[in-house]
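*Asks:* The file below is data.cif, mmCIF, C-alpha atoms:
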data_input
#
loop_
_atom_site.label_atom_id
_atom_site.label_comp_id
_atom_site.auth_asym_id
_atom_site.auth_seq_id
_atom_site.Cartn_x
_atom_site.Cartn_y
_atom_site.Cartn_z
CA MET U 56 -46.08 -3.76 -22.07
CA ASN U 57 -46.98 -0.56 -23.84
CA GLY U 58 -48.61 2.16 -21.81
CA THR U 59 -46.82 1.53 -18.53
CA ALA U 60 -44.38 4.47 -18.61
CA GLY U 61 -44.45 6.45 -15.38
CA ARG U 62 -47.05 4.22 -13.68
CA GLU U 63 -46.83 1.48 -11.12
CA VAL U 64 -47.19 -1.99 -12.58
CA ASP U 65 -47.53 -5.51 -11.28
CA VAL U 66 -44.04 -6.73 -12.16
CA LEU U 67 -44.91 -10.41 -11.79
CA ALA U 68 -47.85 -10.16 -14.18
CA LEU U 69 -45.80 -8.09 -16.61
CA MET U 70 -42.93 -10.57 -16.59
CA GLU U 71 -45.30 -13.54 -16.95
CA ALA U 72 -46.77 -11.93 -20.05
CA TYR U 73 -43.34 -11.00 -21.41
CA SER U 74 -41.81 -14.45 -20.87
CA GLY U 75 -44.86 -16.14 -22.38
CA ASP U 76 -44.68 -13.86 -25.44
CA ALA U 77 -40.94 -14.40 -25.82
CA ALA U 78 -41.14 -18.20 -25.56
CA ALA U 79 -44.10 -18.44 -27.92
CA ASP U 80 -42.51 -16.14 -30.47
CA PHE U 81 -39.23 -18.07 -30.33
CA CYS U 82 -40.91 -21.47 -30.75
CA LEU U 83 -43.77 -20.66 -33.10
CA GLY U 84 -43.05 -17.28 -34.69
CA SER U 85 -46.11 -15.82 -36.33
CA ASP U 86 -48.29 -18.75 -35.18
CA ALA U 87 -47.88 -17.81 -31.52
CA ASP U 88 -51.33 -16.27 -30.97
CA GLY U 89 -52.93 -17.68 -27.82
CA ILE U 90 -49.82 -19.48 -26.61
CA PRO U 91 -48.61 -16.89 -24.06
CA GLU U 92 -51.96 -17.07 -22.26
CA VAL U 93 -51.84 -20.85 -21.91
CA VAL U 94 -48.21 -20.67 -20.76
CA VAL U 95 -49.20 -18.27 -17.98
CA GLU U 96 -52.20 -20.46 -17.10
CA ASN U 97 -49.98 -23.55 -16.92
CA THR U 98 -47.44 -21.76 -14.76
CA LYS U 99 -50.12 -20.65 -12.33
CA ALA U 100 -51.60 -24.15 -12.24
CA ILE U 101 -48.34 -25.99 -11.62
CA THR U 102 -46.81 -23.57 -9.11
CA PRO U 103 -48.85 -24.82 -6.12
CA LEU U 104 -48.00 -28.42 -7.03
CA SER U 105 -44.28 -27.87 -7.49
CA GLY U 106 -44.01 -25.72 -4.38
CA SER U 107 -45.44 -28.38 -2.12
CA SER U 108 -43.40 -31.01 -0.30
CA GLU U 109 -46.36 -33.40 -0.61
CA ALA U 110 -46.52 -35.57 -3.70
CA LEU U 111 -50.17 -36.29 -4.41
CA PRO U 112 -51.08 -39.28 -6.57
CA SER U 113 -52.45 -38.31 -9.99
CA TRP U 114 -55.86 -39.80 -9.16
CA PHE U 115 -56.28 -37.68 -6.02
CA PRO U 116 -59.29 -35.34 -6.44
CA SER U 117 -57.66 -32.09 -5.38
CA PRO U 118 -58.63 -28.70 -6.85
CA ALA U 119 -54.97 -28.01 -7.67
CA LEU U 120 -54.61 -31.22 -9.68
CA ARG U 121 -57.90 -30.59 -11.50
CA ARG U 122 -56.77 -27.06 -12.37
CA PHE U 123 -53.45 -28.37 -13.67
CA ARG U 124 -55.15 -31.05 -15.78
CA ARG U 125 -57.45 -28.43 -17.33
CA ALA U 126 -54.52 -26.12 -18.06
CA ARG U 127 -52.48 -28.98 -19.56
CA LYS U 128 -55.39 -30.09 -21.76
CA LYS U 129 -55.95 -26.54 -22.98
CA THR U 130 -52.26 -26.18 -23.78
CA LEU U 131 -52.16 -29.45 -25.69
CA ASP U 132 -55.34 -28.52 -27.58
CA VAL U 133 -53.95 -25.11 -28.59
CA LEU U 134 -50.59 -26.58 -29.65
CA THR U 135 -52.24 -29.41 -31.57
CA GLU U 136 -54.40 -26.88 -33.41
CA LYS U 137 -51.33 -24.76 -34.25
CA ILE U 138 -49.42 -27.78 -35.55
CA ALA U 139 -52.37 -28.98 -37.65
CA HIS U 140 -52.81 -25.49 -39.10
CA ARG U 141 -49.12 -25.24 -39.92
CA LYS U 142 -49.07 -28.69 -41.54
CA SER U 143 -52.10 -27.91 -43.69
CA ALA U 144 -50.82 -24.47 -44.73
CA THR U 145 -47.37 -25.46 -45.92
CA ARG U 146 -45.95 -28.08 -48.17
CA PRO U 147 -43.09 -30.20 -46.91
CA ARG U 148 -39.68 -28.62 -47.38
CA ARG U 149 -36.63 -30.59 -48.36
CA TRP U 150 -33.68 -30.20 -46.12
CA HIS U 151 -30.59 -28.83 -47.83
CA GLY U 152 -28.04 -28.91 -45.07
CA ARG U 153 -24.32 -28.63 -45.08
CA TYR U 154 -23.77 -31.78 -47.14
CA GLY U 155 -26.68 -31.45 -49.56
CA PRO U 156 -30.12 -33.10 -49.68
#
Please lay out the structure from this file as structure tokens.
*Replies:*
Amino acid sequence: MNGTAGREVDVLALMEAYSGDAAADFCLGSDADGIPEVVVENTKAITPLSGSSEALPSWFPSPALRRFRRARKKTLDVLTEKIAHRKSATRPRRWHGRYGP
């Protein structure tokens, strides 16, 4: 969002990027690289499907369904990679909650 002072901006694109960054940072913290982009891609892929009154079967060969499947697969791949990286980089932590371990 830097560099937009005094210039016209595409508010929708700016807010998509901001909300993706905010959600990724909240959920993953420092491991959020790449997540905002797949969030935006998923949003763009599902919008035509959720905005339609027609419910297409999952097997139907429509471009919108194919785009959504690709976006969902990419999202799952990125998240799976992040989780695997986090698991391999840290040792398990014991929980010390309100009532002890």
*Asks:* For the contact check between range 124-143 of chain U and range 91-96 of chain U, emit one row per residue of range 124-143 of chain U within 9 Å, containing the shortest atom pair and the distance in Å rounded to one decimal, counting all atoms listed in the file, chain then rising number order, as a tab-separated table.
*Replies:*
residue	atom	partner	partner_atom	distance
U:Ala126	CA	U:Glu96	CA	6.2
U:Arg127	CA	U:Val93	CA	8.5
U:Lys129	CA	U:Val93	CA	7.1
U:Thr130	CA	U:Val93	CA	5.7
U:Val133	CA	U:Val93	CA	8.2
*Asks:* Pull the neighbourhood of (-47.5, -17.8, -38.2) for me: all residues within 10 Å in file coordinates, counting all atoms listed in the file, as a list in words.
*Replies:*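 Residues with an atom at most 10 Å from (-47.5, -17.8, -38.2): Asp80, Leu83, Gly84, Ser85, Asp86, Ala87, Asp88, Lys137, His140, Arg141 and Ala144 of chain U.
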*Asks:* Expressed in Å to a single decimal, how great is the separation between CA of Ala119 in chain U and CA of Val64 in chain U?
*Replies:*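 Pair CA of Ala119 in chain U / CA of Val64 in chain U returns 27.6 Å.
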*Asks:* From the list U:Glu109, U:Gly89, U:Pro103, U:Trp114, which residue is nearest Leu131 in chain U when using all atoms listed in the file?
*Replies:* U:Gly89
*Asks:* How far is it from CA of Gly106 in chain U to CA of Asp132 in chain U, in Å with one decimal?
*Replies:*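 Value for the CA of Gly106 in chain U-CA of Asp132 in chain U distance: 26.0 Å.
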*Asks:* What is the CA of Ser117 in chain U-CA of Ala100 in chain U distance in Å, reported with one decimal?
*Replies:*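 CA of Ala100 in chain U lies at a distance of 12.1 Å from CA of Ser117 in chain U.
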*Asks:* For a quick check of understanding, using all atoms listed in the file, which of U:Thr98, U:Ser143, U:Thr135, U:Ser108 has the smallest distance to Arg122 in chain U?
*Replies:*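 Distance minimum relative to Arg122 in chain U lands on U:Thr98.
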*Asks:* Which is closer to Glu136 in chain U than all the others in U:Ile90, U:Arg62, U:Cys82, U:Gly75, using all atoms listed in the file?
*Replies:*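 For Glu136 in chain U, the nearest of the given residues is U:Ile90.
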*Asks:* Considering all atoms listed in the file, can you say which of U:Ala139, U:Ser105, U:Ala68, U:Asp76 comes closest to Phe123 in chain U?
*Replies:* U:Ser105
*Asks:* If you take every atom of range 88-98 of chain U that the file lists and fit an axis-aligned box around them with 6 Å extra on each side, what centre and edge lengths come out in Å to one decimal, as lines of an AutoDock Vina configuration file?
*Replies:*
center_x = -50.2
center_y = -19.9
center_z = -22.9
size_x = 17.5
size_y = 19.3
size_z = 28.2
